[in-house]
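Asker: Below is run_15.cif; it holds mmCIF, C-alpha atoms and all ligand atoms.
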```cif
data_structure
loop_
_atom_site.label_atom_id
_atom_site.label_comp_id
_atom_site.auth_asym_id
_atom_site.auth_seq_id
_atom_site.Cartn_x
_atom_site.Cartn_y
_atom_site.Cartn_z
CA MET A 1 208.99 -23.03 9.71
CA ARG A 2 206.28 -25.44 10.69
CA VAL A 3 202.89 -25.09 9.13
CA PRO A 4 200.38 -24.55 11.93
CA HIS A 5 197.84 -27.24 12.54
CA PRO A 6 194.20 -26.30 13.20
CA ASP A 7 194.46 -28.08 16.55
CA HIS A 8 196.87 -25.38 17.68
CA PHE A 9 194.04 -22.87 17.63
CA THR A 10 192.13 -23.42 20.82
CA SER A 11 190.11 -20.23 21.36
CA ARG A 12 186.32 -20.59 21.44
CA LEU A 13 186.09 -17.15 19.87
CA ARG A 14 187.07 -18.72 16.59
CA SER A 15 183.72 -20.32 16.03
CA PRO A 16 180.97 -20.58 13.42
CA ALA A 17 178.78 -18.67 15.90
CA VAL A 18 181.00 -15.58 15.66
CA ALA A 19 181.89 -16.03 11.97
CA ALA A 20 178.24 -16.28 10.90
CA ARG A 21 177.17 -13.21 12.88
CA VAL A 22 180.01 -11.07 11.56
CA GLY A 23 179.39 -12.60 8.14
CA VAL A 24 175.80 -11.36 8.03
CA TRP A 25 176.94 -7.74 8.44
CA LEU A 26 179.84 -8.25 6.09
CA GLY A 27 177.41 -9.60 3.51
CA ILE A 28 175.12 -6.60 3.98
CA SER A 29 178.08 -4.21 3.61
CA PHE A 30 179.41 -5.99 0.54
CA GLY A 31 175.97 -6.21 -1.05
CA THR A 32 175.33 -2.50 -0.52
CA CYS A 33 178.81 -1.64 -1.71
CA PHE A 34 178.34 -3.76 -4.82
CA LEU A 35 174.97 -2.27 -5.78
CA THR A 36 176.02 1.33 -5.17
CA GLY A 37 179.22 0.58 -7.09
CA LEU A 38 177.14 -0.56 -10.07
CA VAL A 39 175.24 2.73 -9.87
CA SER A 40 178.51 4.66 -9.92
CA HIS A 41 179.81 2.67 -12.86
CA TRP A 42 176.56 3.25 -14.75
CA ALA A 43 176.69 6.98 -13.97
CA GLN A 44 180.16 7.17 -15.52
CA LEU A 45 179.46 5.27 -18.74
CA PRO A 46 179.80 7.73 -21.62
CA SER A 47 176.80 6.44 -23.59
CA PRO A 48 174.84 3.88 -21.58
CA ALA A 49 172.13 1.83 -23.32
CA ILE A 50 169.72 2.91 -20.58
CA GLY A 51 170.33 6.54 -19.67
CA PHE A 52 171.30 7.45 -16.13
CA PRO A 53 168.43 9.46 -14.56
CA THR A 54 168.85 13.20 -13.94
CA SER A 55 166.68 13.04 -10.79
CA PRO A 56 166.78 13.08 -7.85
CA ALA A 57 169.58 15.64 -7.95
CA TRP A 58 171.03 14.20 -4.72
CA GLY A 59 170.81 10.56 -5.89
CA TYR A 60 174.48 10.03 -6.73
CA ARG A 61 175.51 11.94 -3.63
CA PHE A 62 173.54 9.43 -1.57
CA THR A 63 174.58 6.22 -3.36
CA GLN A 64 178.27 7.10 -3.56
CA GLY A 65 178.37 8.28 0.06
CA LEU A 66 176.82 4.93 0.99
CA HIS A 67 179.34 3.10 -1.21
CA VAL A 68 182.34 4.56 0.59
CA VAL A 69 180.80 4.29 4.06
CA THR A 70 179.84 0.62 3.65
CA GLY A 71 183.25 -0.13 2.16
CA CYS A 72 184.95 1.39 5.21
CA ALA A 73 182.62 -0.46 7.60
CA ALA A 74 183.56 -3.71 5.84
CA VAL A 75 187.23 -3.35 6.75
CA PRO A 76 186.98 -4.20 10.48
CA LEU A 77 184.25 -6.75 9.71
CA LEU A 78 186.47 -8.55 7.20
CA LEU A 79 189.45 -8.53 9.55
CA VAL A 80 187.46 -10.11 12.38
CA LYS A 81 185.86 -12.59 10.02
CA LEU A 82 189.24 -13.70 8.67
CA TRP A 83 190.63 -13.94 12.18
CA THR A 84 187.81 -16.24 13.29
CA VAL A 85 188.09 -18.63 10.37
CA TYR A 86 191.72 -18.72 9.30
CA PRO A 87 192.72 -21.83 11.32
CA ARG A 88 190.56 -23.78 8.89
CA LEU A 89 193.05 -22.85 6.19
CA PHE A 90 195.46 -25.37 7.68
CA GLU A 91 193.00 -28.24 7.80
CA ARG A 92 194.37 -31.21 5.95
CA VAL A 93 192.08 -33.45 4.02
CA ASP A 94 192.77 -37.15 3.87
CA PRO A 95 193.87 -37.75 0.24
CA ARG A 96 191.79 -40.94 0.27
CA ALA A 97 188.64 -38.90 0.86
CA GLY A 98 187.69 -39.29 -2.84
CA ARG A 99 184.78 -37.11 -3.93
CA ARG A 100 184.95 -35.05 -0.79
CA LEU A 101 188.46 -34.03 -1.80
CA VAL A 102 187.10 -32.36 -4.93
CA ALA A 103 184.39 -30.57 -2.96
CA VAL A 104 186.87 -29.32 -0.37
CA GLY A 105 189.28 -28.23 -3.12
CA LEU A 106 186.58 -26.25 -4.90
CA GLU A 107 185.47 -24.65 -1.67
CA ARG A 108 189.03 -23.57 -0.87
CA VAL A 109 189.54 -22.11 -4.34
CA SER A 110 186.32 -20.09 -4.01
CA ILE A 111 187.44 -18.84 -0.59
CA ALA A 112 190.89 -17.91 -1.88
CA VAL A 113 189.26 -15.94 -4.70
CA LEU A 114 186.79 -14.31 -2.31
CA VAL A 115 189.47 -13.25 0.17
CA ALA A 116 191.85 -11.98 -2.51
CA ALA A 117 189.16 -10.02 -4.33
CA SER A 118 187.74 -8.58 -1.08
CA VAL A 119 191.11 -7.44 0.19
CA PHE A 120 191.92 -5.92 -3.20
CA GLN A 121 188.59 -4.09 -3.40
CA LEU A 122 188.81 -2.66 0.10
CA ALA A 123 192.47 -1.69 -0.23
CA THR A 124 192.10 0.05 -3.59
CA GLY A 125 188.80 1.64 -2.53
CA LEU A 126 190.34 3.01 0.66
CA ALA A 127 193.36 4.33 -1.22
CA ASN A 128 191.02 6.03 -3.65
CA ALA A 129 188.86 7.55 -0.90
CA ALA A 130 192.07 8.84 0.68
CA GLN A 131 192.91 10.36 -2.72
CA TRP A 132 195.99 8.25 -3.11
CA TYR A 133 196.30 7.13 -6.70
CA PRO A 134 199.30 4.86 -7.20
CA TRP A 135 197.68 3.86 -10.50
CA ARG A 136 196.17 5.73 -13.44
CA GLU A 137 192.58 6.77 -12.83
CA PHE A 138 190.89 4.82 -15.63
CA SER A 139 192.54 1.53 -14.74
CA PHE A 140 191.35 1.88 -11.14
CA ARG A 141 187.75 2.10 -12.30
CA THR A 142 188.01 -0.84 -14.69
CA THR A 143 189.74 -3.17 -12.24
CA HIS A 144 187.63 -2.16 -9.25
CA TYR A 145 184.54 -2.82 -11.36
CA ALA A 146 185.73 -6.17 -12.76
CA LEU A 147 186.83 -7.48 -9.37
CA ALA A 148 183.52 -6.40 -7.82
CA TRP A 149 181.84 -9.08 -9.95
CA VAL A 150 184.49 -11.62 -8.96
CA ALA A 151 184.03 -10.80 -5.26
CA ILE A 152 180.25 -10.89 -5.34
CA GLY A 153 180.22 -14.12 -7.36
CA ALA A 154 182.63 -15.81 -4.94
CA LEU A 155 180.56 -14.49 -2.03
CA LEU A 156 177.39 -16.06 -3.43
CA VAL A 157 179.19 -19.40 -3.90
CA HIS A 158 180.55 -19.16 -0.36
CA VAL A 159 177.13 -18.44 1.17
CA ALA A 160 175.56 -21.26 -0.81
CA VAL A 161 178.25 -23.72 0.34
CA LYS A 162 177.97 -22.61 3.96
CA LEU A 163 174.21 -22.17 4.13
CA GLU A 164 173.68 -25.12 6.49
CA VAL A 165 176.44 -24.02 8.86
CA ILE A 166 175.22 -20.41 8.79
CA ARG A 167 171.63 -21.46 9.50
CA ALA A 168 172.66 -23.65 12.41
CA ALA A 169 174.97 -20.99 13.86
CA LEU A 170 172.41 -18.19 13.63
CA GLY A 171 169.63 -20.42 14.96
CA ALA A 172 171.57 -21.28 18.11
CA ASP A 173 172.73 -19.15 21.03
CA VAL A 174 175.97 -17.26 20.42
CA ASP A 175 177.68 -19.27 23.16
CA ASP A 176 176.56 -22.63 21.76
CA THR A 177 179.58 -24.86 21.07
CA THR A 178 177.92 -27.74 19.21
CA ASP A 179 179.47 -26.91 15.83
CA ASP A 180 182.85 -25.68 17.07
CA ARG A 181 186.09 -27.25 15.92
CA GLU A 182 187.17 -30.00 18.32
CA SER A 183 190.26 -28.15 19.49
CA ALA A 184 188.38 -24.92 20.23
CA VAL A 185 187.89 -25.54 23.91
CA GLU A 186 189.42 -22.56 25.69
CA PRO A 187 187.25 -19.59 26.59
CA GLY A 188 189.56 -16.92 25.12
CA PRO A 189 190.38 -13.54 26.65
CA VAL A 190 186.88 -12.06 26.18
CA SER A 191 183.42 -13.49 25.70
CA ARG A 192 181.94 -13.98 22.24
CA ARG A 193 179.40 -11.26 22.97
CA ALA A 194 182.17 -8.86 23.91
CA LEU A 195 184.09 -9.67 20.72
CA LEU A 196 180.96 -9.04 18.64
CA ARG A 197 180.21 -5.78 20.48
CA THR A 198 183.77 -4.61 19.84
CA THR A 199 183.44 -5.53 16.18
CA TRP A 200 180.19 -3.55 15.79
CA ALA A 201 181.84 -0.63 17.58
CA ALA A 202 184.83 -0.76 15.23
CA ALA A 203 182.51 -0.80 12.21
CA GLY A 204 180.57 2.12 13.76
CA VAL A 205 183.75 4.11 14.19
CA ALA A 206 184.69 3.40 10.56
CA VAL A 207 181.26 4.71 9.48
CA LEU A 208 181.49 7.86 11.60
CA ALA A 209 185.04 8.47 10.48
CA THR A 210 184.00 8.64 6.82
CA ALA A 211 180.33 9.65 6.75
CA GLY A 212 181.22 13.29 7.49
CA GLY A 213 182.42 13.53 3.91
CA THR A 214 178.73 13.40 2.99
CA VAL A 215 176.78 14.36 6.11
CA PRO A 216 177.65 17.92 7.19
CA TRP A 217 176.87 17.52 10.91
CA LEU A 218 179.24 14.55 11.14
CA ARG A 219 182.19 16.51 9.76
CA ARG A 220 183.85 17.19 13.09
CA VAL A 221 184.12 13.48 13.97
CA SER A 222 185.12 12.30 10.53
CA VAL A 223 188.85 12.08 10.92
CA LEU A 224 189.24 9.88 7.85
CA ALA A 225 187.21 12.07 5.52
CA VAL A 226 189.72 13.86 3.34
CA ARG A 227 187.56 16.68 2.07
CA THR A 228 185.82 17.95 5.18
CA GLY A 229 187.56 21.30 4.96
CA GLU A 230 185.55 24.18 3.63
CA GLY A 231 186.31 25.80 0.32
CA PRO A 232 185.10 28.96 -1.36
CA GLY A 233 181.28 28.99 -1.44
CA GLY A 234 181.11 26.01 0.95
CA VAL A 235 182.46 23.58 -1.67
CA PRO A 236 185.91 22.03 -1.21
CA ILE A 237 188.43 22.23 -4.02
CA ASN A 238 189.48 18.92 -5.42
CA LYS A 239 192.04 19.82 -8.05
CA SER A 240 193.41 23.34 -8.16
CA ALA A 241 193.87 25.36 -11.33
CA ALA A 242 197.63 25.20 -10.76
CA ALA A 243 197.57 21.40 -10.47
CA ALA A 244 195.55 21.18 -13.68
CA GLY A 245 197.98 23.54 -15.42
CA VAL A 246 195.27 26.01 -16.46
CA THR A 247 196.17 29.08 -14.41
CA ALA A 248 197.16 31.16 -17.44
CA THR A 249 194.48 29.98 -19.89
CA ALA A 250 191.63 30.20 -17.36
CA ALA A 251 192.60 33.72 -16.24
CA ASP A 252 193.02 34.97 -19.83
CA PRO A 253 190.56 37.88 -20.41
CA GLY A 254 190.30 36.78 -24.04
CA TRP A 255 188.80 33.43 -23.01
CA ALA A 256 185.74 32.31 -24.97
CA LEU A 257 183.66 29.15 -24.94
CA GLU A 258 183.50 27.51 -28.36
CA VAL A 259 180.19 25.98 -29.33
CA VAL A 260 180.65 23.45 -32.11
CA VAL A 261 177.66 21.94 -33.92
CA GLY A 262 178.24 19.25 -36.52
CA GLY A 263 181.92 20.17 -36.76
CA ASP A 264 181.28 23.93 -37.35
CA VAL A 265 182.19 26.49 -34.71
CA ARG A 266 178.80 28.21 -34.35
CA SER A 267 179.65 30.64 -31.59
CA ARG A 268 182.43 31.86 -29.36
CA LEU A 269 181.04 33.20 -26.11
CA GLY A 270 183.22 35.32 -23.82
CA LEU A 271 182.39 35.88 -20.18
CA THR A 272 180.46 39.10 -20.96
CA ASP A 273 178.43 37.25 -23.63
CA LEU A 274 177.53 34.52 -21.14
CA ARG A 275 176.60 37.06 -18.44
CA ALA A 276 174.33 38.83 -20.94
CA LEU A 277 172.24 35.65 -21.40
CA PRO A 278 169.37 34.78 -18.99
CA GLN A 279 170.88 33.71 -15.65
CA HIS A 280 169.52 30.89 -13.47
CA THR A 281 170.34 29.66 -9.98
CA VAL A 282 170.26 26.02 -8.81
CA ASP A 283 171.26 24.21 -5.62
CA LEU A 284 173.27 21.17 -6.67
CA PRO A 285 175.92 19.05 -4.97
CA ILE A 286 179.41 18.21 -6.06
CA ALA A 287 179.46 14.49 -5.22
CA CYS A 288 182.92 13.08 -5.71
CA VAL A 289 183.47 9.40 -6.50
CA GLU A 290 185.86 9.44 -3.55
CA GLY A 291 182.85 9.77 -1.27
CA TRP A 292 182.83 13.39 -0.12
CA SER A 293 180.12 15.73 -1.29
CA ALA A 294 179.00 19.29 -0.70
CA GLN A 295 176.00 21.34 -1.76
CA GLY A 296 176.58 24.54 -3.72
CA ARG A 297 174.38 27.38 -4.98
CA TRP A 298 175.38 27.79 -8.60
CA SER A 299 174.33 30.54 -11.00
CA GLY A 300 174.90 30.83 -14.70
CA VAL A 301 173.47 30.00 -18.09
CA ARG A 302 171.41 26.95 -19.02
CA ILE A 303 173.48 24.76 -21.29
CA SER A 304 170.33 24.08 -23.35
CA ASP A 305 169.91 27.84 -23.99
CA VAL A 306 173.45 28.06 -25.36
CA LEU A 307 173.09 24.94 -27.50
CA THR A 308 169.70 25.93 -28.88
CA ALA A 309 170.99 29.41 -29.74
CA ALA A 310 173.84 27.75 -31.65
CA GLY A 311 171.31 25.76 -33.68
CA ALA A 312 171.80 22.37 -32.00
CA THR A 313 169.00 19.81 -31.85
CA GLY A 314 167.91 18.90 -28.33
CA GLY A 315 168.52 15.46 -26.83
CA ARG A 316 171.99 14.97 -28.31
CA ASP A 317 175.01 13.96 -26.27
CA VAL A 318 177.40 16.86 -25.73
CA LEU A 319 181.18 16.52 -25.64
CA VAL A 320 182.39 18.92 -22.96
CA THR A 321 186.08 19.85 -23.10
CA SER A 322 188.22 21.63 -20.54
CA LEU A 323 191.13 24.02 -20.95
CA GLN A 324 193.13 21.34 -19.14
CA GLN A 325 195.58 19.75 -21.56
CA SER A 326 196.05 16.33 -20.02
CA GLY A 327 194.43 14.03 -17.49
CA ALA A 328 191.40 11.77 -17.58
CA PHE A 329 188.90 14.43 -16.48
CA ARG A 330 189.57 16.99 -19.18
CA ARG A 331 186.65 15.88 -21.34
CA THR A 332 183.29 14.29 -20.59
CA VAL A 333 180.23 13.29 -22.50
CA LEU A 334 177.10 14.96 -21.16
CA PRO A 335 174.17 12.72 -22.15
CA GLY A 336 171.31 14.41 -24.01
CA ALA A 337 168.88 14.06 -21.10
CA PHE A 338 171.28 16.02 -18.89
CA ALA A 339 171.91 18.66 -21.56
CA ASP A 340 168.13 19.17 -21.87
CA ASP A 341 167.60 19.44 -18.12
CA ASP A 342 166.83 23.00 -16.96
CA ARG A 343 169.07 22.54 -13.93
CA THR A 344 172.18 21.84 -15.99
CA LEU A 345 174.19 25.04 -16.02
CA LEU A 346 177.33 26.53 -17.39
CA ALA A 347 178.03 27.95 -13.94
CA LEU A 348 179.69 31.35 -13.62
CA ASP A 349 178.97 31.98 -9.92
CA LEU A 350 179.04 29.96 -6.73
CA ALA A 351 177.22 31.26 -3.64
CA GLY A 352 176.66 34.63 -5.30
CA GLU A 353 180.36 35.20 -6.07
CA PRO A 354 182.14 34.71 -9.38
CA LEU A 355 183.70 31.23 -9.51
CA SER A 356 187.17 31.13 -8.06
CA LEU A 357 189.93 29.98 -10.38
CA ASP A 358 190.12 26.67 -8.47
CA HIS A 359 186.37 26.02 -8.75
CA GLY A 360 186.47 26.31 -12.52
CA HIS A 361 186.58 30.02 -13.47
CA PRO A 362 185.58 31.30 -15.98
CA CYS A 363 182.90 28.64 -16.47
CA ARG A 364 182.21 25.09 -15.32
CA LEU A 365 179.59 22.43 -15.84
CA VAL A 366 177.11 21.56 -13.08
CA ALA A 367 174.37 19.03 -13.68
CA PRO A 368 171.98 17.22 -11.31
CA ASN A 369 172.66 13.64 -10.16
CA ARG A 370 176.08 13.50 -11.76
CA PRO A 371 179.37 12.22 -10.32
CA GLY A 372 181.75 15.04 -9.36
CA VAL A 373 184.36 13.70 -11.72
CA LEU A 374 182.06 14.60 -14.64
CA GLN A 375 181.34 18.17 -13.43
CA THR A 376 184.05 19.55 -15.70
CA LYS A 377 185.86 22.74 -14.68
CA TRP A 378 187.54 25.44 -16.83
CA LEU A 379 185.43 24.80 -19.93
CA ALA A 380 186.89 25.33 -23.37
CA SER A 381 184.25 23.95 -25.72
CA LEU A 382 180.92 22.19 -26.20
CA GLU A 383 180.55 19.89 -29.20
CA VAL A 384 177.41 18.28 -30.50
CA ASP A 385 176.46 16.44 -33.68
CA ALA A 386 174.24 18.35 -36.11
N1 LIG B 1 188.90 19.97 -15.87
C1 LIG B 1 188.70 19.28 -14.73
N2 LIG B 1 187.47 19.26 -14.17
C2 LIG B 1 187.26 18.58 -13.03
C3 LIG B 1 188.29 17.85 -12.40
C4 LIG B 1 189.57 17.87 -13.00
O1 LIG B 1 190.55 17.27 -12.50
N3 LIG B 1 189.74 18.59 -14.15
N4 LIG B 1 188.03 17.14 -11.25
C5 LIG B 1 186.64 16.69 -11.09
C6 LIG B 1 186.37 16.07 -9.80
S1 LIG B 1 187.03 14.53 -9.52
C7 LIG B 1 185.53 16.64 -8.90
S2 LIG B 1 185.06 15.78 -7.52
C8 LIG B 1 185.01 18.00 -9.07
C9 LIG B 1 185.35 18.81 -7.88
O2 LIG B 1 184.96 20.14 -8.06
P1 LIG B 1 185.47 21.23 -7.04
O3 LIG B 1 186.97 21.19 -7.05
O4 LIG B 1 184.91 22.51 -7.49
O5 LIG B 1 184.94 20.82 -5.70
O6 LIG B 1 185.53 18.62 -10.23
C10 LIG B 1 185.62 17.79 -11.37
N5 LIG B 1 185.99 18.59 -12.50
MO MO B 2 186.03 13.67 -7.79
#
```
Take the structure from the file and write it as structure tokens.
Ligand SMILES: Nc1nc2c(c(=O)[nH]1)N[C@H]1C(S)=C(S)[C@@H](COP(=O)(O)O)O[C@H]1N2
Ligand SMILES: [Mo]

Answerer:
Amino acid sequence: MRVPHPDHFTSRLRSPAVAARVGVWLGISFGTCFLTGLVSHWAQLPSPAIGFPTSPAWGYRFTQGLHVVTGCAAVPLLLVKLWTVYPRLFERVDPRAGRRLVAVGLERVSIAVLVAASVFQLATGLANAAQWYPWREFSFRTTHYALAWVAIGALLVHVAVKLEVIRAALGADVDDTTDDRESAVEPGPVSRRALLRTTWAAAGVAVLATAGGTVPWLRRVSVLAVRTGEGPGGVPINKSAAAAGVTATAADPGWALEVVVGGDVRSRLGLTDLRALPQHTVDLPIACVEGWSAQGRWSGVRISDVLTAAGATGGRDVLVTSLQQSGAFRRTVLPGAFADDDRTLLALDLAGEPLSLDHGHPCRLVAPNRPGVLQTKWLASLEVDA
């Protein structure tokens, strides 16, 4: 097979003018995705140095929805961007070029890293949003987080290297050919404007196809949103009791929540005990890391009431354990600020009905501004240091 030569690519569509314009939106998508990703990582740290805020209650719902939507929008943008620039991959540099050779080599390495990291991030992110986990959950989060830094670092290097070209391209008309490759002389099947319009449309479709996971009135058009179906109480079910292997233990009438303070079991509260305590109602979303979210009206007991009654000191982190025997989501650390918040409930009801088995019966955690993955279902115990 012959290696293509850049001169074989003759379309004027493959130009800095198109690449820079698509690049601006790709940069905006990647930047937003990166920042919202940092928020999500922070929200999931068990004991962050700076505590994640408990307000606004819808904060994580917003940032994570934005994370998934911008990630999806980046897919068509990245494909078009790669299509416009890939002939440059085959450019040969004269080995006698001396110092320029080093510069070109470094630039290519940074681009290789950028492309590899971007493709990896979008592919794993999409798989995750589609609830396809060919890997173990924790390793997804660690790798997706680590490579986010690689991608954003390589992106900054790339923009710095290309700044002059970008400036010139954006400053000139889209049909300007001054900075085109010499062989790019043929008009191509569509105009540059038409290619750009199609690209924006494709990104728009990607947004609409996923945003319904977060925005209720977009549900009907969101063909790619996995959790647009309704569930009991208007909240979809992510993992069923059967899938978590808790059907028998969660339905057991002898169930009781253990409250452990400083290693001592201070109380064992059955469902009747919990119902006898003061009940409160809050409107809080389940906002999954996979991007979908739904608002629920939860009723139950304040976790702070239960902890205080058991003699716990306020402000301590609480280890929340589920009846579930295996899996990464069976235990979470609820930071002290969340445990103290009046809106954080041991929920017994959703939308005025007792929790269904799949939504976490007999009792689940709901806290404001908290990733869905940490809203533990089928609670078994609460543990706090004395
Ligand atoms: N014990 C347990 N709790 C869990 C999970 C789980 O797998 N096991 N999944 C979490 C995830 S990822 C989400 S998004 C929410 C979903 O809650 P729902 O099924 O009531 O919508 O529950 C969380 N609580
Ligand atoms: Mo989730």

Asker: Residues within 9 Å of ligand LIG 1 (chain B), counting all atoms listed in the file: report them as an MDAnalysis selection string.

Answerer: chainID A and resid 231:232 235:241 243:244 246 286:294 321:331 356 358:360 364:365 371:379

Asker: With a distance cut-off of 12 Å and all atoms listed in the file, select the neighbouring residues of Gly204 (chain A), excluding the residue or stretch itself and same-chain residues fewer than 5 positions from it, and output the selection as a PyMOL selection string.

Answerer: chain A and resi 25+69-70+72-77+197-199+209-211+221-222

Asker: For each of A:Arg14, A:Arg343, A:Arg266, A:Arg61, take the minimum atom-to-atom distance to ligand MO 2 (chain B), counting all atoms listed in the file, then give the residue where this is smallest.

Answerer: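 Nearest candidate to ligand MO 2 (chain B) out of A:Arg14, A:Arg343, A:Arg266, A:Arg61: A:Arg61.
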
Asker: Find the residues around Lys81 (chain A) up to 12 Å (all atoms listed in the file counted), leave out those fewer than 2 positions away in its own chain, and share them as an MDAnalysis selection string.

Answerer: chainID A and resid 13:27 74:79 83:87 115 118 195:196 199

Asker: Which residues are near region 38-50 of chain A? Cut-off 9 Å, only C-alpha atoms, ignore same chain within fewer than 2 positions. Put them as a PyMOL selection string.

Answerer: chain A and resi 33-36+52-53+60+63-64+67+141+145+148+289+317+332-335+369-371+373-374

Asker: Between A:Val3, A:Val157, A:Leu163, A:Ile28, which has the minimum distance to Arg92 (chain A) (counting all atoms listed in the file)?

Answerer: A:Val3

Asker: Choose the residue, out of A:Thr308, A:Ser55, A:Thr344, A:Asn128, that has the smallest atom-to-atom separation from Val282 (chain A); count only C-alpha atoms.

Answerer: A:Thr344

Asker: Kindly give the distance, in Å, that separates CA of Leu269 (chain A) and CA of Leu355 (chain A), rounded to a single decimal.

Answerer: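 Going from CA of Leu269 (chain A) over to CA of Leu355 (chain A) covers 16.9 Å.
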
Asker: Need to verify the contact set: Glu182 (chain A), 10 Å, all atoms listed in the file, exclusion of same-chain residues closer than 3 positions in sequence. Can you return it as JSON, numbers by chain?

Answerer: {"A": [6, 7, 9, 10, 12, 177, 178, 179, 185]}

Asker: Give me, as a VMD selection string, all polymer residues having an atom no more than 12 Å from Ala112 (chain A), counting all atoms listed in the file and skipping those fewer than 4 positions away in the same chain.

Answerer: chain A and resid 82 86 89 105 to 108 116 to 119 150 to 151 154 to 155 157 to 158

Asker: Using only C-alpha atoms and all ligand atoms, which residue out of A:Pro285, A:Glu230, A:Ser381, A:Ala276 lies closest to ligand MO 2 (chain B)?

Answerer: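 Among the listed residues, the smallest separation from ligand MO 2 (chain B) belongs to A:Pro285.
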
Asker: Once you add 4 Å to each side, what are the centre and edge lengths of the axis-aligned box holding all listed atoms of region 42-52 of chain A? One decimal in Å, as JSON, if you can.

Answerer:
```
{"center_x": 174.9, "center_y": 4.8, "center_z": -18.8, "size_x": 18.4, "size_y": 13.9, "size_z": 17.6}
```

Asker: Neighbourhood query: residues within 10 Å of (181.1, 35.1, -18.5), file coordinates, counting all atoms listed in the file; return as a ChimeraX atom specification.

Answerer: /A:255-257,269-277,300-301,346-349,354,361-363

Asker: Which residue, A:Thr54, A:Gln131, A:Ser299, A:Ser110, has the smallest gap to ligand MO 2 (chain B) when you use only C-alpha atoms and all ligand atoms?

Answerer: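 Residue with the minimum atom-to-atom distance to ligand MO 2 (chain B): A:Gln131.
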
Asker: Which distance in Å separates CA of Gly352 (chain A) and CA of Thr281 (chain A), to one decimal?

Answerer: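 The value is 9.3 Å.
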
Asker: I'd like the interatomic distance between atom MO of ligand MO 2 (chain B) and CA of Thr142 (chain A), to a tenth of an Å.

Answerer: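 Between atom MO of ligand MO 2 (chain B) and CA of Thr142 (chain A) the gap works out to 16.2 Å.
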